[in-house]
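Next up, query.csv (CSV, C-alpha atoms):
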chain,number,residue,atom,x,y,z
J,1052,MET,CA,0.0,0.0,0.0
J,1053,THR,CA,1.2,3.5,-0.8
J,1054,TYR,CA,-0.2,6.6,0.7
J,1055,GLN,CA,0.6,10.2,-0.2
J,1056,ILE,CA,0.8,13.3,1.9
J,1057,SER,CA,0.5,16.6,0.0
J,1058,LEU,CA,1.8,19.7,1.8
J,1059,THR,CA,2.6,23.3,1.0
J,1060,THR,CA,5.5,24.8,2.8
J,1061,THR,CA,5.6,28.5,3.6
J,1062,ARG,CA,9.3,29.3,4.2
J,1063,ARG,CA,12.6,28.5,2.6
J,1064,ASN,CA,13.7,26.3,5.5
J,1065,GLU,CA,11.0,24.6,7.6
J,1066,PHE,CA,10.2,21.5,9.6
J,1067,CYS,CA,6.6,20.2,9.0
J,1068,ASP,CA,5.3,17.7,11.6
J,1069,ILE,CA,3.8,14.7,9.7
J,1070,THR,CA,3.5,12.3,12.7
J,1071,ASN,CA,-0.3,12.4,12.8
J,1072,GLU,CA,-0.6,11.6,9.1
J,1073,ILE,CA,1.7,8.6,9.6
J,1074,TYR,CA,-0.5,7.3,12.5
J,1075,ARG,CA,-3.6,7.7,10.3
J,1076,PHE,CA,-2.1,5.8,7.3
J,1077,ILE,CA,-0.9,3.0,9.4
J,1078,GLU,CA,-4.3,2.7,11.0
J,1079,GLN,CA,-6.0,2.8,7.6
J,1080,SER,CA,-3.7,0.0,6.3
J,1081,GLY,CA,-4.9,-2.4,8.9
J,1082,VAL,CA,-1.3,-3.7,9.2
J,1083,SER,CA,-0.6,-4.8,12.8
J,1084,GLU,CA,3.1,-5.6,12.5
J,1085,GLY,CA,5.5,-4.4,9.9
J,1086,ILE,CA,7.6,-1.6,8.6
J,1087,CYS,CA,6.5,1.9,7.4
J,1088,THR,CA,8.8,3.6,4.9
J,1089,VAL,CA,8.5,7.4,4.6
J,1090,PHE,CA,10.0,8.6,1.3
J,1091,VAL,CA,10.4,12.2,0.0
J,1092,PRO,CA,10.5,12.4,-3.8
J,1093,HIS,CA,12.3,15.7,-3.9
J,1094,THR,CA,16.0,16.7,-4.0
J,1095,THR,CA,15.9,19.8,-1.9
J,1096,ALA,CA,13.8,18.4,1.0
J,1097,ALA,CA,14.2,15.5,3.4
J,1098,VAL,CA,12.6,13.7,6.3
J,1099,THR,CA,13.9,13.2,9.8
J,1100,ILE,CA,12.8,12.0,13.2
J,1101,ASN,CA,13.5,14.4,16.1
J,1102,GLU,CA,12.2,16.1,19.2
J,1103,ASN,CA,8.4,16.7,19.2
J,1104,ALA,CA,8.1,18.8,22.4
J,1105,ASP,CA,10.1,22.1,22.3
J,1106,PRO,CA,9.9,23.9,18.9
J,1107,ASP,CA,13.2,25.6,19.8
J,1108,VAL,CA,14.9,22.4,18.8
J,1109,THR,CA,13.9,22.5,15.2
J,1110,SER,CA,14.6,26.2,15.0
J,1111,ASP,CA,18.1,25.5,16.4
J,1112,LEU,CA,18.6,22.7,13.8
J,1113,LEU,CA,17.7,25.0,10.9
J,1114,ARG,CA,19.8,27.9,12.1
J,1115,LYS,CA,22.9,25.7,12.7
J,1116,LEU,CA,22.5,24.0,9.3
J,1117,ALA,CA,22.3,27.4,7.7
J,1118,SER,CA,25.5,28.5,9.4
J,1119,LEU,CA,27.4,25.4,8.3
J,1120,ILE,CA,25.9,25.4,4.8
J,1121,PRO,CA,25.1,29.0,3.7
J,1122,GLN,CA,22.8,29.6,0.7
J,1123,ASN,CA,25.5,31.6,-1.1
J,1124,ASP,CA,28.9,29.9,-1.0
J,1125,GLY,CA,30.4,30.1,-4.5
J,1126,TYR,CA,28.3,27.2,-5.9
J,1127,LEU,CA,28.4,26.3,-9.6
J,1128,HIS,CA,24.7,25.2,-9.9
J,1129,SER,CA,22.8,28.2,-11.4
J,1130,GLU,CA,19.6,27.7,-9.5
J,1131,GLY,CA,21.1,29.0,-6.3
J,1132,ASN,CA,19.9,26.1,-4.2
J,1133,SER,CA,23.0,23.8,-3.9
J,1134,ASP,CA,22.8,24.4,-0.1
J,1135,ALA,CA,19.4,22.7,-0.1
J,1136,HIS,CA,20.6,19.8,-2.2
J,1137,LEU,CA,23.4,19.2,0.3
J,1138,LYS,CA,21.2,19.5,3.4
J,1139,ALA,CA,18.8,17.0,1.7
J,1140,SER,CA,21.5,14.4,1.2
J,1141,LEU,CA,22.8,14.9,4.8
J,1142,ILE,CA,19.4,14.6,6.5
J,1143,GLY,CA,18.3,11.9,4.1
J,1144,ASN,CA,15.1,11.4,2.1
J,1145,SER,CA,13.7,8.4,3.8
J,1146,GLU,CA,12.9,7.0,7.2
J,1147,GLN,CA,11.9,3.6,8.5
J,1148,ILE,CA,9.4,3.2,11.3
J,1149,LEU,CA,8.5,-0.1,13.0
J,1150,ILE,CA,4.8,-0.9,13.2
J,1151,ARG,CA,3.6,-2.8,16.3
J,1152,SER,CA,0.0,-3.4,17.4
J,1153,GLY,CA,-1.2,-1.2,14.4
J,1154,LYS,CA,0.8,1.9,15.5
J,1155,PRO,CA,4.1,3.4,14.7
J,1156,LEU,CA,6.6,2.4,17.4
J,1157,LEU,CA,8.2,5.8,18.2
J,1158,GLY,CA,10.2,7.0,21.2
J,1159,THR,CA,8.4,9.3,23.7
J,1160,TRP,CA,10.0,12.4,22.3
J,1161,GLN,CA,10.0,11.5,18.7
J,1162,GLY,CA,8.1,13.2,15.9
J,1163,VAL,CA,8.4,12.7,12.2
J,1164,TYR,CA,9.3,15.9,10.2
J,1165,PHE,CA,9.2,16.7,6.5
J,1166,THR,CA,12.1,19.1,6.2
J,1167,GLU,CA,11.9,21.8,3.6
J,1168,PHE,CA,15.2,23.4,2.4
J,1169,ASP,CA,14.1,25.3,-0.7
J,1170,GLY,CA,10.6,26.5,-0.1
J,1171,PRO,CA,8.0,27.7,-0.2
J,1172,ARG,CA,6.8,24.9,-2.5
J,1173,SER,CA,4.1,22.3,-3.0
J,1174,ARG,CA,5.5,19.0,-1.8
J,1175,LYS,CA,4.7,15.3,-1.5
J,1176,VAL,CA,5.6,12.5,0.8
J,1177,TRP,CA,5.1,8.8,0.0
J,1178,ILE,CA,4.4,6.3,2.7
J,1179,SER,CA,4.7,2.6,2.1
J,1180,ILE,CA,3.5,0.0,4.6
J,1181,LEU,CA,5.0,-3.5,4.4
J,1182,GLY,CA,3.3,-5.9,6.8
J,1183,GLY,CA,3.4,-9.2,8.3
J,1184,GLU,CA,0.2,-9.7,10.2
J,1185,THR,CA,-3.1,-8.0,9.3
J,1186,ASN,CA,-5.7,-7.0,11.9
D,273,MET,CA,9.8,-10.0,15.6
D,274,THR,CA,11.1,-7.1,17.6
D,275,TYR,CA,14.2,-7.3,19.8
D,276,GLN,CA,15.5,-4.7,22.3
D,277,ILE,CA,19.0,-3.9,23.3
D,278,SER,CA,19.4,-2.0,26.6
D,279,LEU,CA,22.6,-0.1,27.1
D,280,THR,CA,24.1,2.4,29.5
D,281,THR,CA,26.4,5.0,28.0
D,282,THR,CA,29.3,6.4,30.0
D,283,ARG,CA,30.3,9.6,28.2
D,284,ARG,CA,28.5,12.5,26.6
D,285,ASN,CA,29.7,11.4,23.1
D,286,GLU,CA,30.3,7.8,22.5
D,287,PHE,CA,30.2,5.0,19.9
D,288,CYS,CA,28.9,1.7,21.3
D,289,ASP,CA,29.5,-1.4,19.1
D,290,ILE,CA,26.2,-3.4,18.9
D,291,THR,CA,27.3,-5.7,16.0
D,292,ASN,CA,27.4,-8.9,18.1
D,293,GLU,CA,23.9,-8.2,19.5
D,294,ILE,CA,22.6,-7.9,15.9
D,295,TYR,CA,24.2,-11.2,14.9
D,296,ARG,CA,22.6,-12.9,18.0
D,297,PHE,CA,19.0,-11.5,17.3
D,298,ILE,CA,19.1,-12.5,13.7
D,299,GLU,CA,20.2,-16.0,14.7
D,300,GLN,CA,17.4,-16.2,17.3
D,301,SER,CA,14.8,-15.1,14.8
D,302,GLY,CA,15.5,-18.1,12.5
D,303,VAL,CA,15.1,-15.8,9.5
D,304,SER,CA,17.4,-16.9,6.7
D,305,GLU,CA,16.8,-14.2,4.1
D,306,GLY,CA,15.3,-10.7,4.8
D,307,ILE,CA,16.0,-7.3,6.2
D,308,CYS,CA,17.0,-6.2,9.7
D,309,THR,CA,15.9,-2.7,10.7
D,310,VAL,CA,17.8,-1.1,13.6
D,311,PHE,CA,15.9,1.8,15.1
D,312,VAL,CA,17.0,4.2,17.9
D,313,PRO,CA,13.9,5.6,19.8
D,314,HIS,CA,15.8,8.7,21.1
D,315,THR,CA,16.3,12.2,19.7
D,316,THR,CA,19.9,12.8,20.9
D,317,ALA,CA,21.4,9.5,19.8
D,318,ALA,CA,21.7,7.7,16.5
D,319,VAL,CA,23.0,4.6,14.8
D,320,THR,CA,25.6,4.2,12.1
D,321,ILE,CA,27.7,1.6,10.3
D,322,ASN,CA,31.4,2.3,10.1
D,323,GLU,CA,34.9,0.9,10.6
D,324,ASN,CA,35.2,-1.9,13.1
D,325,ALA,CA,39.0,-2.2,13.2
D,326,ASP,CA,40.9,0.9,14.4
D,327,PRO,CA,39.1,2.7,17.3
D,328,ASP,CA,40.9,5.9,16.2
D,329,VAL,CA,38.3,6.2,13.5
D,330,THR,CA,35.3,6.6,15.8
D,331,SER,CA,37.4,9.0,18.0
D,332,ASP,CA,38.1,11.1,14.9
D,333,LEU,CA,34.4,11.1,13.9
D,334,LEU,CA,33.3,12.3,17.4
D,335,ARG,CA,36.0,15.0,17.6
D,336,LYS,CA,35.3,16.3,14.1
D,337,LEU,CA,31.6,16.4,14.7
D,338,ALA,CA,32.2,18.3,17.9
D,339,SER,CA,34.2,20.9,16.1
D,340,LEU,CA,31.6,21.4,13.4
D,341,ILE,CA,28.7,21.4,15.9
D,342,PRO,CA,29.9,22.6,19.3
D,343,GLN,CA,27.8,22.1,22.4
D,344,ASN,CA,27.5,25.8,23.0
D,345,ASP,CA,26.6,27.9,20.0
D,346,GLY,CA,23.9,30.3,20.9
D,347,TYR,CA,21.1,27.8,20.7
D,348,LEU,CA,17.5,28.6,21.9
D,349,HIS,CA,16.6,25.2,23.4
D,350,SER,CA,17.1,25.5,27.1
D,351,GLU,CA,18.3,22.0,27.8
D,352,GLY,CA,21.7,22.7,26.2
D,353,ASN,CA,21.7,19.7,24.0
D,354,SER,CA,20.7,21.1,20.6
D,355,ASP,CA,24.1,20.0,19.2
D,356,ALA,CA,23.1,16.4,20.1
D,357,HIS,CA,19.7,16.8,18.3
D,358,LEU,CA,21.4,18.0,15.2
D,359,LYS,CA,24.1,15.2,15.2
D,360,ALA,CA,21.3,12.7,15.7
D,361,SER,CA,19.4,13.9,12.6
D,362,LEU,CA,22.6,14.0,10.5
D,363,ILE,CA,23.8,10.5,11.4
D,364,GLY,CA,20.2,9.2,11.4
D,365,ASN,CA,18.3,7.0,13.8
D,366,SER,CA,17.9,3.9,11.7
D,367,GLU,CA,19.9,1.4,9.6
D,368,GLN,CA,18.9,-1.4,7.3
D,369,ILE,CA,21.0,-4.5,7.1
D,370,LEU,CA,20.5,-7.4,4.6
D,371,ILE,CA,20.1,-10.9,6.1
D,372,ARG,CA,21.5,-13.7,4.0
D,373,SER,CA,22.0,-17.4,5.2
D,374,GLY,CA,20.8,-16.3,8.6
D,375,LYS,CA,23.5,-13.7,9.1
D,376,PRO,CA,23.8,-9.9,8.7
D,377,LEU,CA,25.4,-9.2,5.3
D,378,LEU,CA,28.1,-6.6,6.3
D,379,GLY,CA,31.2,-5.6,4.6
D,380,THR,CA,34.6,-6.8,5.9
D,381,TRP,CA,35.3,-3.6,7.9
D,382,GLN,CA,31.7,-2.7,8.9
D,383,GLY,CA,30.5,-2.6,12.5
D,384,VAL,CA,27.1,-1.3,13.7
D,385,TYR,CA,27.4,1.5,16.3
D,386,PHE,CA,24.9,3.1,18.6
D,387,THR,CA,26.1,6.7,18.7
D,388,GLU,CA,25.4,8.6,21.9
D,389,PHE,CA,25.5,12.4,21.7
D,390,ASP,CA,24.0,13.4,25.1
D,391,GLY,CA,25.1,10.8,27.6
D,392,PRO,CA,25.7,9.3,29.9
D,393,ARG,CA,22.2,7.8,29.8
D,394,SER,CA,20.2,4.6,29.8
D,395,ARG,CA,19.3,3.9,26.2
D,396,LYS,CA,17.4,1.4,24.0
D,397,VAL,CA,17.8,0.1,20.5
D,398,TRP,CA,14.9,-1.7,18.7
D,399,ILE,CA,15.6,-4.4,16.1
D,400,SER,CA,13.0,-5.6,13.7
D,401,ILE,CA,13.5,-8.6,11.5
D,402,LEU,CA,11.4,-9.0,8.3
D,403,GLY,CA,12.0,-12.2,6.6
D,404,GLY,CA,11.2,-14.1,3.5
D,405,GLU,CA,12.5,-17.7,4.2
D,406,THR,CA,12.7,-19.3,7.6
D,407,ASN,CA,15.4,-21.9,8.5
M,602,MET,CA,16.9,-11.7,-4.0
M,603,THR,CA,20.2,-9.9,-3.8
M,604,TYR,CA,21.9,-8.3,-6.7
M,605,GLN,CA,25.4,-6.8,-6.8
M,606,ILE,CA,26.8,-3.9,-8.7
M,607,SER,CA,30.6,-3.8,-9.2
M,608,LEU,CA,32.1,-0.5,-10.0
M,609,THR,CA,35.5,1.1,-10.3
M,610,THR,CA,35.8,4.7,-9.1
M,611,THR,CA,38.4,7.0,-10.8
M,612,ARG,CA,38.8,9.9,-8.3
M,613,ARG,CA,39.1,10.3,-4.5
M,614,ASN,CA,35.7,11.9,-4.3
M,615,GLU,CA,33.0,11.0,-6.9
M,616,PHE,CA,29.3,10.5,-7.5
M,617,CYS,CA,28.5,7.5,-9.6
M,618,ASP,CA,25.0,7.3,-11.0
M,619,ILE,CA,23.6,3.8,-10.4
M,620,THR,CA,19.9,4.5,-11.2
M,621,ASN,CA,19.8,2.5,-14.4
M,622,GLU,CA,21.2,-0.6,-12.7
M,623,ILE,CA,18.5,-0.3,-10.0
M,624,TYR,CA,15.8,-0.1,-12.7
M,625,ARG,CA,17.3,-3.2,-14.3
M,626,PHE,CA,17.5,-5.3,-11.1
M,627,ILE,CA,14.0,-4.5,-10.1
M,628,GLU,CA,12.8,-5.5,-13.6
M,629,GLN,CA,14.8,-8.8,-13.4
M,630,SER,CA,13.3,-9.5,-10.0
M,631,GLY,CA,9.8,-9.6,-11.3
M,632,VAL,CA,8.6,-7.8,-8.2
M,633,SER,CA,5.7,-5.5,-8.9
M,634,GLU,CA,5.2,-3.9,-5.4
M,635,GLY,CA,7.7,-3.8,-2.6
M,636,ILE,CA,10.8,-2.2,-1.3
M,637,CYS,CA,14.3,-2.0,-2.8
M,638,THR,CA,17.2,-1.6,-0.3
M,639,VAL,CA,20.5,-0.3,-1.6
M,640,PHE,CA,23.4,-1.1,0.7
M,641,VAL,CA,27.0,-0.1,0.4
M,642,PRO,CA,29.3,-2.6,2.2
M,643,HIS,CA,32.2,-0.1,2.5
M,644,THR,CA,33.1,2.4,5.3
M,645,THR,CA,34.5,5.2,3.2
M,646,ALA,CA,31.7,5.3,0.6
M,647,ALA,CA,28.0,5.8,0.8
M,648,VAL,CA,24.8,6.1,-1.3
M,649,THR,CA,22.4,9.0,-1.7
M,650,ILE,CA,19.5,10.1,-3.8
M,651,ASN,CA,19.8,13.6,-5.4
M,652,GLU,CA,19.4,15.7,-8.5
M,653,ASN,CA,19.9,13.8,-11.8
M,654,ALA,CA,19.9,16.7,-14.2
M,655,ASP,CA,22.6,19.3,-13.7
M,656,PRO,CA,26.0,17.7,-12.9
M,657,ASP,CA,27.0,21.0,-11.2
M,658,VAL,CA,24.9,19.9,-8.2
M,659,THR,CA,27.0,16.8,-7.4
M,660,SER,CA,30.2,18.9,-7.9
M,661,ASP,CA,28.9,21.5,-5.5
M,662,LEU,CA,28.0,18.7,-2.9
M,663,LEU,CA,31.5,17.3,-3.1
M,664,ARG,CA,33.3,20.6,-2.9
M,665,LYS,CA,31.2,21.9,0.0
M,666,LEU,CA,31.7,18.5,1.9
M,667,ALA,CA,35.4,18.8,1.4
M,668,SER,CA,35.5,22.4,2.8
M,669,LEU,CA,33.5,21.3,5.9
M,670,ILE,CA,35.5,18.1,6.4
M,671,PRO,CA,39.0,18.5,5.0
M,672,GLN,CA,41.2,15.4,4.3
M,673,ASN,CA,43.9,16.7,6.7
M,674,ASP,CA,42.6,17.9,10.0
M,675,GLY,CA,44.7,16.5,12.8
M,676,TYR,CA,43.0,13.1,12.7
M,677,LEU,CA,44.4,10.2,14.8
M,678,HIS,CA,43.6,7.4,12.3
M,679,SER,CA,46.9,6.6,10.5
M,680,GLU,CA,45.4,5.8,7.1
M,681,GLY,CA,44.6,9.4,6.4
M,682,ASN,CA,41.0,8.9,5.4
M,683,SER,CA,39.0,9.8,8.5
M,684,ASP,CA,37.3,12.5,6.5
M,685,ALA,CA,36.0,9.8,4.2
M,686,HIS,CA,34.7,7.7,7.2
M,687,LEU,CA,32.8,10.8,8.5
M,688,LYS,CA,31.3,11.7,5.1
M,689,ALA,CA,30.2,8.1,4.8
M,690,SER,CA,28.4,8.1,8.1
M,691,LEU,CA,26.8,11.5,7.4
M,692,ILE,CA,25.5,10.6,3.9
M,693,GLY,CA,24.6,7.1,5.0
M,694,ASN,CA,25.3,3.7,3.5
M,695,SER,CA,21.8,2.6,2.6
M,696,GLU,CA,18.7,3.9,0.8
M,697,GLN,CA,15.1,2.6,0.6
M,698,ILE,CA,13.2,2.9,-2.7
M,699,LEU,CA,9.6,2.0,-3.2
M,700,ILE,CA,8.7,-0.4,-6.0
M,701,ARG,CA,5.4,0.2,-7.8
M,702,SER,CA,4.3,-1.5,-11.0
M,703,GLY,CA,7.7,-3.1,-11.3
M,704,LYS,CA,9.6,0.1,-11.3
M,705,PRO,CA,11.4,2.2,-8.7
M,706,LEU,CA,9.1,5.0,-7.6
M,707,LEU,CA,11.5,8.0,-7.8
M,708,GLY,CA,10.7,11.7,-8.0
M,709,THR,CA,11.2,13.5,-11.4
M,710,TRP,CA,14.6,14.9,-10.5
M,711,GLN,CA,15.9,12.0,-8.4
M,712,GLY,CA,18.9,9.8,-9.3
M,713,VAL,CA,20.6,7.2,-7.1
M,714,TYR,CA,24.3,7.8,-6.6
M,715,PHE,CA,27.1,5.7,-5.2
M,716,THR,CA,29.3,8.2,-3.5
M,717,GLU,CA,33.0,7.5,-3.3
M,718,PHE,CA,35.0,9.4,-0.6
M,719,ASP,CA,38.3,7.5,-0.7
M,720,GLY,CA,38.9,6.4,-4.3
M,721,PRO,CA,39.9,5.4,-6.7
M,722,ARG,CA,38.9,1.9,-5.7
M,723,SER,CA,37.0,-1.2,-6.8
M,724,ARG,CA,33.6,-1.1,-5.0
M,725,LYS,CA,30.4,-3.1,-4.6
M,726,VAL,CA,26.8,-2.2,-4.0
M,727,TRP,CA,24.2,-4.7,-2.8
M,728,ILE,CA,20.6,-4.5,-3.8
M,729,SER,CA,17.9,-6.4,-2.0
M,730,ILE,CA,14.3,-6.5,-3.3
M,731,LEU,CA,11.6,-7.4,-0.8
M,732,GLY,CA,8.2,-7.8,-2.5
M,733,GLY,CA,4.6,-8.3,-2.0
M,734,GLU,CA,3.1,-9.2,-5.4
M,735,THR,CA,5.0,-10.8,-8.2
M,736,ASN,CA,4.3,-10.1,-11.9

Any chance you could give the structure as structure tokens?
Amino acid sequence: MTYQISLTTTRRNEFCDITNEIYRFIEQSGVSEGICTVFVPHTTAAVTINENADPDVTSDLLRKLASLIPQNDGYLHSEGNSDAHLKASLIGNSEQILIRSGKPLLGTWQGVYFTEFDGPRSRKVWISILGGETN
Amino acid sequence: MTYQISLTTTRRNEFCDITNEIYRFIEQSGVSEGICTVFVPHTTAAVTINENADPDVTSDLLRKLASLIPQNDGYLHSEGNSDAHLKASLIGNSEQILIRSGKPLLGTWQGVYFTEFDGPRSRKVWISILGGETN
Amino acid sequence: MTYQISLTTTRRNEFCDITNEIYRFIEQSGVSEGICTVFVPHTTAAVTINENADPDVTSDLLRKLASLIPQNDGYLHSEGNSDAHLKASLIGNSEQILIRSGKPLLGTWQGVYFTEFDGPRSRKVWISILGGETN
């Protein structure tokens, strides 16, 4: 089964929490035990799992990434978004989440974030659920 | 099947070799061919696969990461561990390992490491084994 | 099913496009719907998914990575390739790709790249295909 999330980002760099959507798709799938793969089909965006409590954490992540990898840094690529391509490869464009008892098995403080590095844009996330047992 | 490793880290930044545990859980599972997913349910720790021979490699990795992403760098998050959150997202909190003939299919020099970035703490690693054939 | 790509890199740092090989192995497998895992069994190389159109992007990625993580930086490891080990852990040594209708489900601008960080060398990539339905 493949599910799609469509989202519109509003800033150049942004973390978008997609944890609730992942809960919902796993529930819809009826899969009780298996693996959920979250895949971002873009080359200037990524997906990561990180702190879901204090929004200062994701702000700190974006600010520090921008200081390590500035937007303008003598890049060859004429679109002016090589920083976003590098951030995407460093953070990575997929995540694996275990499914147990029909729910994503996440740690207490973990949320799943679509990470935009070259917005604002319309974006997609693909979610695939591979199961063993079915409810 | 899900297995759990419990470990106690002893330093703020540390690589803990969990390769032997992964061999053992794959053997216990009886799965001959499939995929092993290693998932870290924390937001200031990660998992990576790297050199298993010279311990200087993991020391170099930790030292260089600390110089790129210092603990104190004007972060907003009041817990003082935003560096650890960023390192966790960059290294990543899961790994996939192929299972063939009932063993993890790793390269000659590859070991699997739990990577602590905000220890010392009690930590967990979850291991899921998805198989085709069973011994 | 496991497939192997053998390749010979020609520079110390290099992106090698392996997208066509992945298309071919998925077609050979006869798997219509499932997950393809791409695994690099080396500790100074990695795999990433990024822009497949303008080669300036991968040049920018390599150049910026080299400026963040220089080859010589007071490392302990005597082989002089600790930079490559760190880049490998940051980019990551595996990727997951969804398979739909017997093809890899990639975004319009996505290509799959073996990333060499300590070449030139002979290298391998392992590809595992886990399927639901079979054609």

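CA of Glu367 in chain D lies 12.3 Å from CA of Thr1088 in chain J.
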
Query - Interface, chain M side, toward chain D (6 Å; all atoms listed in the file) as a PyMOL selection string - result: chain M and resi 642-644+676-678+687+691

Query raised in the report: Could you name the residues that touch Asn285 in chain D at 7 Å or less, counting only C-alpha atoms, but leaving out those on the same chain fewer than 6 positions away, as a VMD selection string?
Result: chain D and resid 334 388 to 391

Report task. Within 7 Å of range 1069-1081 of chain J, counting all atoms listed in the file, which residues show up once you throw out same-chain ones fewer than 3 positions away? Write them as a ChimeraX atom specification, please. Result -> /J:1054,1153-1155,1162-1165,1185-1186

**Report entry** Close residues, range 393-398 of chain D itself excluded, 6 Å, only C-alpha atoms, min 4 positions apart in chain, as number ranges by chain
**Finding:** D: 275-281, 310-312

Requested in this report: Find the distance between CA of Ile401 in chain D and CA of Ala318 in chain D and write it in Å to one decimal.
Outcome: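 Calculated distance between CA of Ile401 in chain D and CA of Ala318 in chain D is 18.9 Å.
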
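As for CA of Phe616 in chain M and CA of Thr716 in chain M, they are spaced 4.6 Å apart.
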